[in-house]
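K.L.:
I'd like to ask you about the structure that follows.
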Amino acid sequence: MGQVLITVSVSGRDENGEPTMPTNSPGNNHESSSSNDKLTYQILDDEEGNFDIRSNGEIIVRKMLDYEQRSWYSFRVMVSDSKQSDVTRVNVTITNVNDHDPQFSQSHYTFFVTENKLQSQSVIGEIKATDKDVGDSLHFTIKGPFAKMFNIDRHGKLRVRGIKSLNVTQCHLIVVASDTGSPPRSSSVPVTVQFPSSLIKNVGRALFDGTTGLDGILDAASSEID
Ligand SMILES: [Ca+2]
Ligand SMILES: [Ca+2]
């Protein structure tokens with residue numbers, strides 16, 4: 001904002017003495033007319049007032065322009081001296097930058113795990129996130145002391161990898177969503193996974209003496225651990 005976008009200039013006078021402008025190209029800043037008439041510049045067709053032009057022909061941006069809102073602008077610039085005028089067109093292409101953090105659908109997630117879900121190694125919960133930057137996609141990672149007991153795929157689907165070392169009924173995780181922008185941005189969300197207390201007791205007993213019918217769960221659930 002307030003940055004000089006381009007400088008329009010008057011390249012000379014035509015045979016009738018009118019100021020003439022070259023087609024716009026950034027960095028063009030020729031000294032103007034041979035006449036001593038003072039030139040005035042005016043922007044036309046910029047209804048939203050996004051751009052302004054200084055008395056020396058420098059065009060500046062007046063508002064924050066967001067690629068996700070609009071990726072191009074086009075307006076005309078008129079130059080006039082006391083008698084004549086000329087008009088040129090300026091096209092502005094907006095470059096996309098990574099200006100949006102990934103956003104989760106909830107500020108906190110809680111998932112409840114049943115023994116059935118554990119045995120089938122099915123999805124215990126889904127974490128949803130979006131990113132308003134055009135072209136950005138997301139990937140998820142898990143952080144925290146319990147992170148190794150879970151995995152999450154690129155769709156945000158959370159699964160249990162293994163519960164061999166589980167001795168509490170509640171696991172607190174942090175799930176991080178990172179985008180593919182440059183430089184990348186990321187956001188994190190707390191996730192609570194609740195196991196039934198009966199399961200934890202059985203896991204404890206199974207680990208202690210190996211006599212319960214939950215061996216299958218332990219084997220299945222821990223087989224993916226390195
Ligand atoms: Ca982004
Ligand atoms: Ca953007």
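Identifiers for the structure tokens are assigned positionally: chains receive A, B, ... in sequence, residues are indexed from 1 per chain, and ligands are indexed from 1 in the order shown.
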Would you mind listing the residues within 6 Å of ligand 2, counting only C-alpha atoms and all ligand atoms, as a list in words?

P.N.:
Tyr67, Glu68, Asn96, Val97, Asn98, Asp99 and Asp133 of chain A

K.L.:
Can I get the selection written as a short mmCIF file (atom, residue, chain, number, x, y, z; two decimals), in the first residue's frame, with C-alpha atoms?

P.N.:
data_model
loop_
_atom_site.label_atom_id
_atom_site.label_comp_id
_atom_site.auth_asym_id
_atom_site.auth_seq_id
_atom_site.Cartn_x
_atom_site.Cartn_y
_atom_site.Cartn_z
CA TYR A 67 -5.41 -11.90 -4.95
CA GLU A 68 -8.15 -14.11 -3.48
CA ASN A 96 -0.73 -14.43 -5.12
CA VAL A 97 1.12 -14.51 -1.80
CA ASN A 98 0.60 -16.87 1.12
CA ASP A 99 -1.39 -14.54 3.35
CA ASP A 133 -5.10 -19.07 -0.41
#

K.L.:
Within 6 Å of ligand 1, which residues of chain A show up? Give each one with its shortest atom-to-atom distance in Å (one decimal) and the two atoms involved, counting only C-alpha atoms and all ligand atoms, rows by chain then rising residue number, as JSON lines.

P.N.:
{"residue": "A:Asn98", "atom": "CA", "partner": "ligand 1", "partner_atom_place_in_ligand_line": "1 (Ca)", "distance": 4.8}
{"residue": "A:Asp99", "atom": "CA", "partner": "ligand 1", "partner_atom_place_in_ligand_line": "1 (Ca)", "distance": 5.8}
{"residue": "A:His100", "atom": "CA", "partner": "ligand 1", "partner_atom_place_in_ligand_line": "1 (Ca)", "distance": 4.2}
{"residue": "A:Asp101", "atom": "CA", "partner": "ligand 1", "partner_atom_place_in_ligand_line": "1 (Ca)", "distance": 4.9}
{"residue": "A:Pro102", "atom": "CA", "partner": "ligand 1", "partner_atom_place_in_ligand_line": "1 (Ca)", "distance": 5.8}
{"residue": "A:Asp131", "atom": "CA", "partner": "ligand 1", "partner_atom_place_in_ligand_line": "1 (Ca)", "distance": 5.3}
{"residue": "A:Asp133", "atom": "CA", "partner": "ligand 1", "partner_atom_place_in_ligand_line": "1 (Ca)", "distance": 4.8}
{"residue": "A:Asp136", "atom": "CA", "partner": "ligand 1", "partner_atom_place_in_ligand_line": "1 (Ca)", "distance": 5.7}
{"residue": "A:Asp179", "atom": "CA", "partner": "ligand 1", "partner_atom_place_in_ligand_line": "1 (Ca)", "distance": 5.5}
{"residue": "A:Gly181", "atom": "CA", "partner": "ligand 1", "partner_atom_place_in_ligand_line": "1 (Ca)", "distance": 5.6}
{"residue": "A:Arg185", "atom": "CA", "partner": "ligand 1", "partner_atom_place_in_ligand_line": "1 (Ca)", "distance": 6.0}

K.L.:
DSSP on the backbone, strand (DSSP E) only: what residues of stretch 82-180 of chain A does that give? Format it as a PyMOL selection string.

P.N.:
chain A and resi 85-93+103-104+109-112+125-126+129-130+138-143+150-152+157-160+170-179

K.L.:
For the residues in the current selection, export N, CA and C atoms as a compact mmCIF listing (two decimals), in the first residue's frame.

P.N.:
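Full text of part-v1.txt as output:
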# COMPACT_ATOMS: atom_id res chain seq x y z
N SER A 85 -5.44 16.69 -24.16
CA SER A 85 -5.28 15.56 -23.24
C SER A 85 -5.03 14.27 -24.02
N ASP A 86 -4.52 13.28 -23.34
CA ASP A 86 -4.32 11.95 -23.92
C ASP A 86 -4.63 10.92 -22.83
N VAL A 87 -4.96 9.73 -23.29
CA VAL A 87 -5.37 8.68 -22.36
C VAL A 87 -4.59 7.40 -22.66
N THR A 88 -4.16 6.71 -21.61
CA THR A 88 -3.54 5.40 -21.78
C THR A 88 -4.18 4.42 -20.81
N ARG A 89 -4.03 3.13 -21.09
CA ARG A 89 -4.62 2.12 -20.20
C ARG A 89 -3.53 1.45 -19.37
N VAL A 90 -3.86 1.19 -18.12
CA VAL A 90 -2.93 0.50 -17.22
C VAL A 90 -3.60 -0.79 -16.76
N ASN A 91 -2.94 -1.92 -16.99
CA ASN A 91 -3.43 -3.21 -16.51
C ASN A 91 -2.56 -3.67 -15.34
N VAL A 92 -3.19 -4.06 -14.28
CA VAL A 92 -2.45 -4.49 -13.09
C VAL A 92 -2.78 -5.95 -12.80
N THR A 93 -1.76 -6.80 -12.75
CA THR A 93 -1.94 -8.20 -12.39
C THR A 93 -1.46 -8.41 -10.97
N GLN A 103 -6.95 -23.00 8.54
CA GLN A 103 -7.99 -22.77 9.55
C GLN A 103 -8.72 -24.07 9.85
N PHE A 104 -8.79 -24.42 11.12
CA PHE A 104 -9.50 -25.64 11.52
C PHE A 104 -10.99 -25.36 11.64
N TYR A 109 -10.85 -30.51 19.33
CA TYR A 109 -11.55 -31.75 18.93
C TYR A 109 -11.46 -32.76 20.05
N THR A 110 -12.54 -33.48 20.27
CA THR A 110 -12.53 -34.60 21.21
C THR A 110 -13.09 -35.83 20.49
N PHE A 111 -12.34 -36.92 20.56
CA PHE A 111 -12.79 -38.16 19.91
C PHE A 111 -12.85 -39.28 20.95
N PHE A 112 -13.84 -40.13 20.83
CA PHE A 112 -14.00 -41.26 21.74
C PHE A 112 -13.68 -42.55 21.00
N GLY A 125 -11.43 -40.36 14.25
CA GLY A 125 -11.92 -38.99 14.16
C GLY A 125 -11.34 -38.30 12.96
N GLU A 126 -11.97 -37.22 12.57
CA GLU A 126 -11.50 -36.49 11.39
C GLU A 126 -11.32 -35.02 11.75
N ALA A 129 -9.57 -28.90 8.06
CA ALA A 129 -8.96 -27.58 7.97
C ALA A 129 -9.03 -27.10 6.53
N THR A 130 -9.09 -25.80 6.37
CA THR A 130 -9.13 -25.20 5.03
C THR A 130 -8.10 -24.07 4.97
N LEU A 138 -3.04 -28.72 2.15
CA LEU A 138 -2.60 -28.87 3.54
C LEU A 138 -2.08 -30.27 3.82
N HIS A 139 -1.15 -30.37 4.76
CA HIS A 139 -0.81 -31.68 5.30
C HIS A 139 -0.76 -31.57 6.82
N PHE A 140 -0.99 -32.70 7.49
CA PHE A 140 -1.14 -32.70 8.94
C PHE A 140 -0.02 -33.48 9.61
N THR A 141 0.38 -33.01 10.78
CA THR A 141 1.31 -33.76 11.62
C THR A 141 0.79 -33.72 13.06
N ILE A 142 1.24 -34.70 13.85
CA ILE A 142 0.81 -34.77 15.25
C ILE A 142 2.00 -34.49 16.15
N LYS A 143 1.76 -33.69 17.20
CA LYS A 143 2.81 -33.40 18.17
C LYS A 143 2.33 -33.76 19.57
N PHE A 150 -0.43 -42.45 17.40
CA PHE A 150 -1.48 -42.12 16.43
C PHE A 150 -0.85 -41.81 15.08
N ASN A 151 -1.66 -41.89 14.05
CA ASN A 151 -1.23 -41.30 12.78
C ASN A 151 -2.40 -40.57 12.13
N ILE A 152 -2.04 -39.67 11.25
CA ILE A 152 -3.06 -38.85 10.60
C ILE A 152 -2.72 -38.78 9.12
N LYS A 157 -7.65 -37.63 8.67
CA LYS A 157 -8.25 -38.78 9.36
C LYS A 157 -7.26 -39.36 10.37
N LEU A 158 -7.73 -39.44 11.61
CA LEU A 158 -6.88 -39.85 12.72
C LEU A 158 -7.13 -41.32 13.05
N ARG A 159 -6.03 -42.09 13.18
CA ARG A 159 -6.12 -43.50 13.53
C ARG A 159 -5.17 -43.80 14.69
N VAL A 160 -5.47 -44.87 15.41
CA VAL A 160 -4.58 -45.33 16.47
C VAL A 160 -3.56 -46.28 15.85
N GLN A 170 -7.03 -40.64 28.79
CA GLN A 170 -7.14 -39.46 27.94
C GLN A 170 -5.78 -39.10 27.36
N CYS A 171 -5.72 -38.93 26.05
CA CYS A 171 -4.48 -38.48 25.41
C CYS A 171 -4.70 -37.08 24.85
N HIS A 172 -3.76 -36.21 25.17
CA HIS A 172 -3.84 -34.85 24.62
C HIS A 172 -2.81 -34.71 23.50
N LEU A 173 -3.28 -34.34 22.35
CA LEU A 173 -2.40 -34.20 21.18
C LEU A 173 -2.51 -32.78 20.64
N ILE A 174 -1.50 -32.43 19.86
CA ILE A 174 -1.58 -31.19 19.08
C ILE A 174 -1.49 -31.61 17.62
N VAL A 175 -2.47 -31.22 16.84
CA VAL A 175 -2.41 -31.49 15.41
C VAL A 175 -2.05 -30.19 14.69
N VAL A 176 -1.03 -30.28 13.84
CA VAL A 176 -0.56 -29.11 13.10
C VAL A 176 -0.95 -29.26 11.63
N ALA A 177 -1.56 -28.24 11.09
CA ALA A 177 -1.85 -28.20 9.65
C ALA A 177 -0.89 -27.21 9.01
N SER A 178 -0.15 -27.66 8.00
CA SER A 178 0.80 -26.78 7.30
C SER A 178 0.38 -26.65 5.85
N ASP A 179 0.53 -25.45 5.29
CA ASP A 179 0.13 -25.27 3.89
C ASP A 179 1.33 -25.40 2.96

K.L.:
To one decimal in Å, tell me the separation between atom CA of A:Gln3 and atom CA of A:Arg76.

P.N.:
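Here the two named atoms are 18.6 Å from each other.
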
K.L.:
Which parts of stretch 16-170 of chain A does DSSP call alpha helix (DSSP H) when run on the backbone here, written out as an MDAnalysis selection string?

P.N.:
chainID A and resid 115:120

K.L.:
Fewer than 2 positions away in the same chain doesn't count, so skip those; otherwise give me all residues within 7 Å of stretch 37-50 of chain A, counting only C-alpha atoms, as a ChimeraX atom specification.

P.N.:
/A:35,52-53,55,57,61-63,75-82

K.L.:
Could you tell me how far atom CA of A:His155 sits from atom CA of A:Val113, in Å to one decimal place?

P.N.:
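Atom CA of A:Val113 sits 19.1 Å away from atom CA of A:His155.
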
K.L.:
Smallest atom-to-atom distance to A:Met1: which of A:Met64, A:Phe51, A:Asn167, A:Ile200, using only C-alpha atoms?

P.N.:
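Among the listed residues, A:Met64 lies closest to A:Met1.
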
K.L.:
I'd like the interatomic distance between atom CA of A:Pro145 and atom CA of A:Gln119, to a tenth of an Å.

P.N.:
22.9 Å

K.L.:
With distances taken over only C-alpha atoms, which of A:Val193, A:Val134, A:Ile124, A:Ile59 is nearest to A:Ala147?

P.N.:
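For A:Ala147, the nearest of the candidates is A:Val193.
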